[in-house]
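Shown below: my_file37.pdb, with PDB, C-alpha atoms, pLDDT in the B column.
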ATOM      1  CA  LYS A 916       5.679  16.549  11.925  1.00 46.00           C
ATOM      2  CA  TYR A 917       6.848  16.526   8.318  1.00 46.00           C
ATOM      3  CA  LYS A 918       4.296  18.287   6.124  1.00 51.00           C
ATOM      4  CA  ALA A 919       5.313  19.019   2.550  1.00 51.00           C
ATOM      5  CA  GLU A 920       1.827  20.398   1.937  1.00 50.00           C
ATOM      6  CA  SER A 921       2.619  23.349   4.216  1.00 52.00           C
ATOM      7  CA  VAL A 922       5.227  24.639   1.751  1.00 49.00           C
ATOM      8  CA  VAL A 923       3.852  23.613  -1.629  1.00 50.00           C
ATOM      9  CA  GLY A 924       0.147  23.151  -0.917  1.00 54.00           C
ATOM     10  CA  PRO A 925      -2.839  25.241  -1.926  1.00 55.00           C
ATOM     11  CA  ARG A 926      -2.499  27.457   1.153  1.00 56.00           C
ATOM     12  CA  VAL A 927       0.936  28.573  -0.071  1.00 53.00           C
ATOM     13  CA  PHE A 928      -0.637  29.602  -3.373  1.00 50.00           C
ATOM     14  CA  TRP A 929      -2.939  32.036  -1.536  1.00 53.00           C
ATOM     15  CA  VAL A 930      -0.078  33.235   0.676  1.00 55.00           C
ATOM     16  CA  CYS A 931       1.991  33.955  -2.444  1.00 52.00           C
ATOM     17  CA  MET A 932      -0.888  35.842  -3.997  1.00 51.00           C
ATOM     18  CA  THR A 933      -1.484  37.977  -0.906  1.00 54.00           C
ATOM     19  CA  SER A 934       2.232  38.608  -0.348  1.00 54.00           C
ATOM     20  CA  GLN A 935       2.528  39.713  -3.951  1.00 53.00           C
ATOM     21  CA  TRP A 936      -0.403  42.063  -3.355  1.00 49.00           C
ATOM     22  CA  MET A 937       1.194  43.309  -0.123  1.00 51.00           C
ATOM     23  CA  HIS A 938       4.395  44.007  -2.044  1.00 51.00           C
ATOM     24  CA  THR A 939       2.514  46.226  -4.466  1.00 54.00           C
ATOM     25  CA  ARG A 940      -0.103  47.542  -2.052  1.00 54.00           C
ATOM     26  CA  ARG A 941       1.257  51.109  -2.036  1.00 56.00           C
ATOM     27  CA  SER A 942       0.796  51.467  -5.784  1.00 63.00           C
ATOM     28  CA  THR A 943      -2.542  49.656  -5.496  1.00 65.00           C
ATOM     29  CA  ILE A 944      -3.751  52.094  -2.854  1.00 68.00           C
ATOM     30  CA  VAL A 945      -2.650  55.079  -4.939  1.00 69.00           C
ATOM     31  CA  ASP A 946      -4.318  53.622  -8.057  1.00 71.00           C
ATOM     32  CA  THR A 947      -7.515  52.949  -6.113  1.00 73.00           C
ATOM     33  CA  PHE A 948      -7.510  56.478  -4.704  1.00 72.00           C
ATOM     34  CA  VAL A 949      -7.031  58.022  -8.149  1.00 74.00           C
ATOM     35  CA  LEU A 950      -9.776  55.820  -9.572  1.00 75.00           C
ATOM     36  CA  ALA A 951     -12.133  56.761  -6.717  1.00 76.00           C
ATOM     37  CA  VAL A 952     -11.440  60.480  -7.225  1.00 79.00           C
ATOM     38  CA  CYS A 953     -12.061  60.188 -10.965  1.00 76.00           C
ATOM     39  CA  PHE A 954     -15.249  58.201 -10.411  1.00 76.00           C
ATOM     40  CA  GLY A 955     -16.405  60.698  -7.756  1.00 76.00           C
ATOM     41  CA  THR A 956     -15.748  63.612 -10.083  1.00 78.00           C
ATOM     42  CA  PHE A 957     -17.606  61.864 -12.874  1.00 74.00           C
ATOM     43  CA  LEU A 958     -20.500  61.077 -10.537  1.00 71.00           C
ATOM     44  CA  LEU A 959     -20.692  64.685  -9.265  1.00 72.00           C
ATOM     45  CA  PHE A 960     -20.669  65.993 -12.823  1.00 72.00           C
ATOM     46  CA  PHE A 961     -23.316  63.466 -13.780  1.00 68.00           C
ATOM     47  CA  LEU A 962     -25.546  64.327 -10.806  1.00 67.00           C
ATOM     48  CA  ALA A 963     -25.031  68.086 -11.177  1.00 67.00           C
ATOM     49  CA  SER A 964     -26.408  68.006 -14.696  1.00 64.00           C
ATOM     50  CA  GLY A 965     -29.935  67.565 -13.365  1.00 61.00           C
ATOM     51  CA  GLU A 966     -32.204  64.607 -13.505  1.00 63.00           C
ATOM     52  CA  ILE A 967     -30.828  61.331 -14.643  1.00 62.00           C
ATOM     53  CA  ALA A 968     -32.626  60.054 -17.686  1.00 66.00           C
ATOM     54  CA  ALA A 969     -33.346  56.368 -18.200  1.00 68.00           C
ATOM     55  CA  GLU A 970     -31.076  56.415 -21.244  1.00 72.00           C
ATOM     56  CA  GLN A 971     -28.175  57.763 -19.182  1.00 71.00           C
ATOM     57  CA  THR A 972     -28.802  55.127 -16.524  1.00 73.00           C
ATOM     58  CA  SER A 973     -28.677  52.358 -19.102  1.00 79.00           C
ATOM     59  CA  ARG A 974     -25.426  53.786 -20.528  1.00 79.00           C
ATOM     60  CA  LEU A 975     -23.913  53.887 -17.069  1.00 76.00           C
ATOM     61  CA  LYS A 976     -25.051  50.319 -16.452  1.00 80.00           C
ATOM     62  CA  ASP A 977     -23.505  49.198 -19.759  1.00 83.00           C
ATOM     63  CA  LEU A 978     -20.261  50.986 -18.905  1.00 80.00           C
ATOM     64  CA  THR A 979     -20.167  49.297 -15.502  1.00 81.00           C
ATOM     65  CA  GLN A 980     -20.707  45.881 -17.082  1.00 84.00           C
ATOM     66  CA  ASP A 981     -17.955  46.546 -19.609  1.00 85.00           C
ATOM     67  CA  PHE A 982     -15.521  47.478 -16.823  1.00 82.00           C
ATOM     68  CA  HIS A 983     -16.581  44.376 -14.929  1.00 84.00           C
ATOM     69  CA  GLY A 984     -15.819  42.213 -17.973  1.00 85.00           C
ATOM     70  CA  LEU A 985     -12.457  43.916 -18.465  1.00 85.00           C
ATOM     71  CA  CYS A 986     -11.487  43.414 -14.811  1.00 83.00           C
ATOM     72  CA  THR A 987     -12.500  39.751 -14.974  1.00 86.00           C
ATOM     73  CA  PHE A 988     -10.445  39.295 -18.134  1.00 87.00           C
ATOM     74  CA  LEU A 989      -7.364  40.915 -16.598  1.00 85.00           C
ATOM     75  CA  LEU A 990      -7.803  38.954 -13.374  1.00 86.00           C
ATOM     76  CA  GLY A 991      -7.549  35.784 -15.463  1.00 87.00           C
ATOM     77  CA  PHE A 992      -4.018  36.769 -16.559  1.00 87.00           C
ATOM     78  CA  TYR A 993      -3.056  37.532 -12.973  1.00 86.00           C
ATOM     79  CA  MET A 994      -4.382  34.187 -11.727  1.00 88.00           C
ATOM     80  CA  ASN A 995      -2.589  32.367 -14.538  1.00 89.00           C
ATOM     81  CA  THR A 996       0.700  33.967 -13.503  1.00 88.00           C
ATOM     82  CA  CYS A 997       0.170  33.121  -9.828  1.00 85.00           C
ATOM     83  CA  ILE A 998      -0.731  29.509 -10.548  1.00 88.00           C
ATOM     84  CA  GLY A 999       2.232  29.198 -12.912  1.00 89.00           C
ATOM     85  CA  ARG A1000       4.641  30.426 -10.243  1.00 87.00           C
ATOM     86  CA  TRP A1001       3.128  28.124  -7.636  1.00 85.00           C
ATOM     87  CA  TRP A1002       3.337  25.138  -9.969  1.00 87.00           C
ATOM     88  CA  ALA A1003       6.966  25.925 -10.842  1.00 87.00           C
ATOM     89  CA  ILE A1004       7.870  25.868  -7.149  1.00 83.00           C
ATOM     90  CA  ARG A1005       5.978  22.636  -6.625  1.00 82.00           C
ATOM     91  CA  ALA A1006       7.111  20.747  -9.738  1.00 84.00           C
ATOM     92  CA  ASP A1007      10.577  22.114 -10.471  1.00 85.00           C
ATOM     93  CA  GLY A1008      11.727  22.973  -6.964  1.00 82.00           C
ATOM     94  CA  ILE A1009      10.485  20.300  -4.594  1.00 83.00           C
ATOM     95  CA  GLY A1010       9.740  17.776  -7.351  1.00 85.00           C
ATOM     96  CA  GLY A1011      13.230  18.267  -8.780  1.00 86.00           C
ATOM     97  CA  LEU A1012      14.779  17.601  -5.402  1.00 87.00           C
ATOM     98  CA  TRP A1013      12.769  14.394  -4.962  1.00 87.00           C
ATOM     99  CA  GLY A1014      13.778  13.340  -8.464  1.00 88.00           C
ATOM    100  CA  GLN A1015      17.458  13.806  -7.630  1.00 88.00           C
ATOM    101  CA  ILE A1016      17.079  11.832  -4.399  1.00 88.00           C
ATOM    102  CA  ASP A1017      15.368   9.011  -6.324  1.00 89.00           C
ATOM    103  CA  ASP A1018      18.085   9.014  -9.005  1.00 90.00           C
ATOM    104  CA  LEU A1019      20.860   8.934  -6.435  1.00 88.00           C
ATOM    105  CA  THR A1020      19.324   6.058  -4.471  1.00 88.00           C
ATOM    106  CA  MET A1021      18.781   4.130  -7.719  1.00 90.00           C
ATOM    107  CA  LEU A1022      22.434   4.590  -8.681  1.00 90.00           C
ATOM    108  CA  LEU A1023      23.500   3.485  -5.227  1.00 88.00           C
ATOM    109  CA  GLY A1024      21.421   0.346  -5.684  1.00 88.00           C
ATOM    110  CA  CYS A1025      23.430  -0.365  -8.847  1.00 90.00           C
ATOM    111  CA  TYR A1026      26.841   0.345  -7.337  1.00 89.00           C
ATOM    112  CA  PHE A1027      26.146  -1.258  -3.948  1.00 88.00           C
ATOM    113  CA  PRO A1028      23.938  -4.240  -4.871  1.00 88.00           C
ATOM    114  CA  ARG A1029      24.760  -6.574  -1.988  1.00 89.00           C
ATOM    115  CA  ASN A1030      22.476  -6.857   0.979  1.00 86.00           C
ATOM    116  CA  ASP A1031      25.223  -6.812   3.587  1.00 91.00           C
ATOM    117  CA  ALA A1032      25.647  -4.394   6.489  1.00 92.00           C
ATOM    118  CA  ALA A1033      28.141  -2.116   4.693  1.00 89.00           C
ATOM    119  CA  ASP A1034      25.941  -1.605   1.618  1.00 89.00           C
ATOM    120  CA  ARG A1035      22.822  -1.042   3.746  1.00 90.00           C
ATOM    121  CA  ALA A1036      24.717   1.566   5.775  1.00 91.00           C
ATOM    122  CA  VAL A1037      25.595   3.458   2.573  1.00 90.00           C
ATOM    123  CA  HIS A1038      21.985   3.290   1.320  1.00 90.00           C
ATOM    124  CA  GLU A1039      20.560   4.442   4.648  1.00 91.00           C
ATOM    125  CA  ARG A1040      23.013   7.307   5.036  1.00 91.00           C
ATOM    126  CA  VAL A1041      22.456   8.709   1.551  1.00 91.00           C
ATOM    127  CA  LEU A1042      18.683   8.355   1.849  1.00 91.00           C
ATOM    128  CA  ARG A1043      18.761   9.971   5.301  1.00 92.00           C
ATOM    129  CA  TRP A1044      20.802  12.867   3.939  1.00 92.00           C
ATOM    130  CA  GLY A1045      18.412  13.245   0.984  1.00 91.00           C
ATOM    131  CA  VAL A1046      15.380  13.480   3.269  1.00 91.00           C
ATOM    132  CA  LEU A1047      17.394  15.768   5.577  1.00 92.00           C
ATOM    133  CA  SER A1048      18.116  18.164   2.701  1.00 91.00           C
ATOM    134  CA  HIS A1049      14.411  18.185   1.886  1.00 89.00           C
ATOM    135  CA  GLU A1050      13.500  18.964   5.481  1.00 89.00           C
ATOM    136  CA  LEU A1051      16.196  21.669   5.691  1.00 90.00           C
ATOM    137  CA  ILE A1052      14.572  23.457   2.751  1.00 87.00           C
ATOM    138  CA  TYR A1053      11.388  23.816   4.802  1.00 85.00           C
ATOM    139  CA  LYS A1054      13.365  25.004   7.822  1.00 86.00           C
ATOM    140  CA  GLN A1055      15.204  27.531   5.667  1.00 84.00           C
ATOM    141  CA  VAL A1056      11.925  28.881   4.262  1.00 81.00           C
ATOM    142  CA  ARG A1057      10.533  29.222   7.791  1.00 82.00           C
ATOM    143  CA  GLU A1058      13.844  30.757   8.994  1.00 82.00           C
ATOM    144  CA  CYS A1059      14.037  28.155  11.751  1.00 83.00           C
ATOM    145  CA  SER A1060      17.568  27.618  13.036  1.00 83.00           C
ATOM    146  CA  ASP A1061      16.768  24.944  15.657  1.00 86.00           C
ATOM    147  CA  LEU A1062      17.899  21.562  14.349  1.00 88.00           C
ATOM    148  CA  SER A1063      17.312  19.512  17.509  1.00 89.00           C
ATOM    149  CA  ASP A1064      14.000  18.103  16.242  1.00 90.00           C
ATOM    150  CA  LEU A1065      15.840  16.602  13.265  1.00 91.00           C
ATOM    151  CA  VAL A1066      18.165  14.802  15.657  1.00 91.00           C
ATOM    152  CA  GLN A1067      15.199  13.454  17.614  1.00 92.00           C
ATOM    153  CA  ARG A1068      13.561  12.193  14.408  1.00 91.00           C
ATOM    154  CA  GLY A1069      16.751  10.433  13.292  1.00 91.00           C
ATOM    155  CA  LEU A1070      17.400  12.556  10.219  1.00 91.00           C
ATOM    156  CA  LEU A1071      20.479  14.230  11.668  1.00 91.00           C
ATOM    157  CA  LEU A1072      23.221  12.832  13.868  1.00 93.00           C
ATOM    158  CA  GLU A1073      24.426  14.861  16.811  1.00 92.00           C
ATOM    159  CA  GLU A1074      27.883  15.284  15.223  1.00 92.00           C
ATOM    160  CA  GLU A1075      26.253  16.588  12.043  1.00 91.00           C
ATOM    161  CA  ARG A1076      24.062  18.963  14.047  1.00 90.00           C
ATOM    162  CA  LEU A1077      27.173  20.410  15.693  1.00 90.00           C
ATOM    163  CA  VAL A1078      28.551  21.170  12.226  1.00 89.00           C
ATOM    164  CA  LEU A1079      25.307  22.641  10.833  1.00 88.00           C
ATOM    165  CA  GLN A1080      24.053  24.550  13.888  1.00 87.00           C
ATOM    166  CA  PRO A1081      26.524  27.490  13.674  1.00 85.00           C
ATOM    167  CA  LEU A1082      25.754  27.845   9.964  1.00 84.00           C
ATOM    168  CA  ALA A1083      22.007  27.767  10.636  1.00 79.00           C
ATOM    169  CA  SER A1084      22.069  30.327  13.430  1.00 72.00           C
ATOM    170  CA  GLN A1085      24.156  32.811  11.440  1.00 73.00           C
ATOM    171  CA  HIS A1086      22.455  32.165   8.062  1.00 70.00           C
ATOM    172  CA  LEU A1087      25.874  31.860   6.424  1.00 62.00           C
ATOM    173  CA  CYS A1088      24.898  29.402   3.728  1.00 73.00           C
ATOM    174  CA  SER A1089      22.179  27.149   2.436  1.00 82.00           C
ATOM    175  CA  LEU A1090      22.066  24.094   4.690  1.00 86.00           C
ATOM    176  CA  PRO A1091      20.507  21.780   2.077  1.00 87.00           C
ATOM    177  CA  GLN A1092      23.453  22.511  -0.198  1.00 86.00           C
ATOM    178  CA  VAL A1093      25.862  21.620   2.601  1.00 88.00           C
ATOM    179  CA  VAL A1094      24.146  18.248   2.968  1.00 89.00           C
ATOM    180  CA  TRP A1095      24.404  17.641  -0.778  1.00 88.00           C
ATOM    181  CA  CYS A1096      28.123  18.436  -0.558  1.00 89.00           C
ATOM    182  CA  TRP A1097      28.364  15.758   2.129  1.00 89.00           C
ATOM    183  CA  GLN A1098      26.671  13.308  -0.234  1.00 87.00           C
ATOM    184  CA  VAL A1099      28.991  14.117  -3.108  1.00 85.00           C
ATOM    185  CA  SER A1100      32.082  13.717  -0.955  1.00 85.00           C
ATOM    186  CA  PHE A1101      30.708  10.504   0.593  1.00 83.00           C
ATOM    187  CA  VAL A1102      29.828   8.763  -2.655  1.00 69.00           C
TER     188      VAL A1102
END
Translate the structure described by the file into structure tokens.
Amino acid sequence: KYKAESVVGPRVFWVCMTSQWMHTRRSTIVDTFVLAVCFGTFLLFFLASGEIAAEQTSRLKDLTQDFHGLCTFLLGFYMNTCIGRWWAIRADGIGGLWGQIDDLTMLLGCYFPRNDAADRAVHERVLRWGVLSHELIYKQVRECSDLSDLVQRGLLLEEERLVLQPLASQHLCSLPQVVWCWQVSFV
């Protein structure tokens, strides 16, 4: 059920690109309309002047190829920006969280080195909370306030769900941050 690829995978890159286009679609539609009107006017003027000579056709073909090259060049900048944003989310956002979870569990291994029941309980709780915070990020992105599946999977205790559920249903705060506050107060 846990799929990190659904939030930071290649599909999300295309969703980000299309949502960015949807955000600017009104200006895109207006720009396209203006460009179509200008091109139509140019075409009517060109056709109204009589027969189209071979030289004029070759000029028009060259102009079209130049515009094609320009659009391809500008599309490269746009794609670079989109890929850069996607990579920042993947590396700095989710990767940063995993790095912090790894660092915290390594420090716990240093401070709680024994292999007795008490030390294992500390390790398991902090690791469970780290994975829980990761999973809560995905739930927050999807605007899902049902936490019962996390209880069933063993990431969240029922007592913890009772604390987080009112916050999740009212969107009062960031649930992953609440879990990290639990970790700080626990350690």
Residue members of the PyMOL selection byres ((chain A and resi 1079-1095) around 6) in the file shown, as a ChimeraX atom specification: /A:1048,1051,1060,1076-1078,1096-1098
Would you compute, for all listed atoms of stretch 954-960 of chain A, the axis-aligned bounding box grown by 6 Å on each side, and then report its centre and edge lengths in Å rounded to one decimal, as AutoDock Vina command-line options?
--center_x -18.0 --center_y 62.1 --center_z -10.3 --size_x 17.4 --size_y 19.8 --size_z 17.1
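Between atom CA of A:His1049 and atom CA of A:Gly1008 there is a distance of 10.4 Å.
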Near-A:Gln1015 list (9 Å; all atoms listed in the file; drop same-chain fewer than 5 positions) as a ChimeraX atom specification: /A:1010,1020,1045
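Using all atoms listed in the file, the nearest neighbour of A:Ser1100 within the list A:Leu1047, A:Asp1017, A:Asp1007, A:Val1041 is A:Val1041.
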Atom CA of A:Gly1011 to atom CA of A:Gly999, straight-line distance in Å: 16.0 Å
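Closest to A:Val1046 among A:Val1099, A:Ile1009, A:Ala1033, A:Leu1022 is A:Ile1009, based on all atoms listed in the file.
Note that atom CA of A:Val1037 and atom CA of A:Tyr1053 are 24.9 Å apart.
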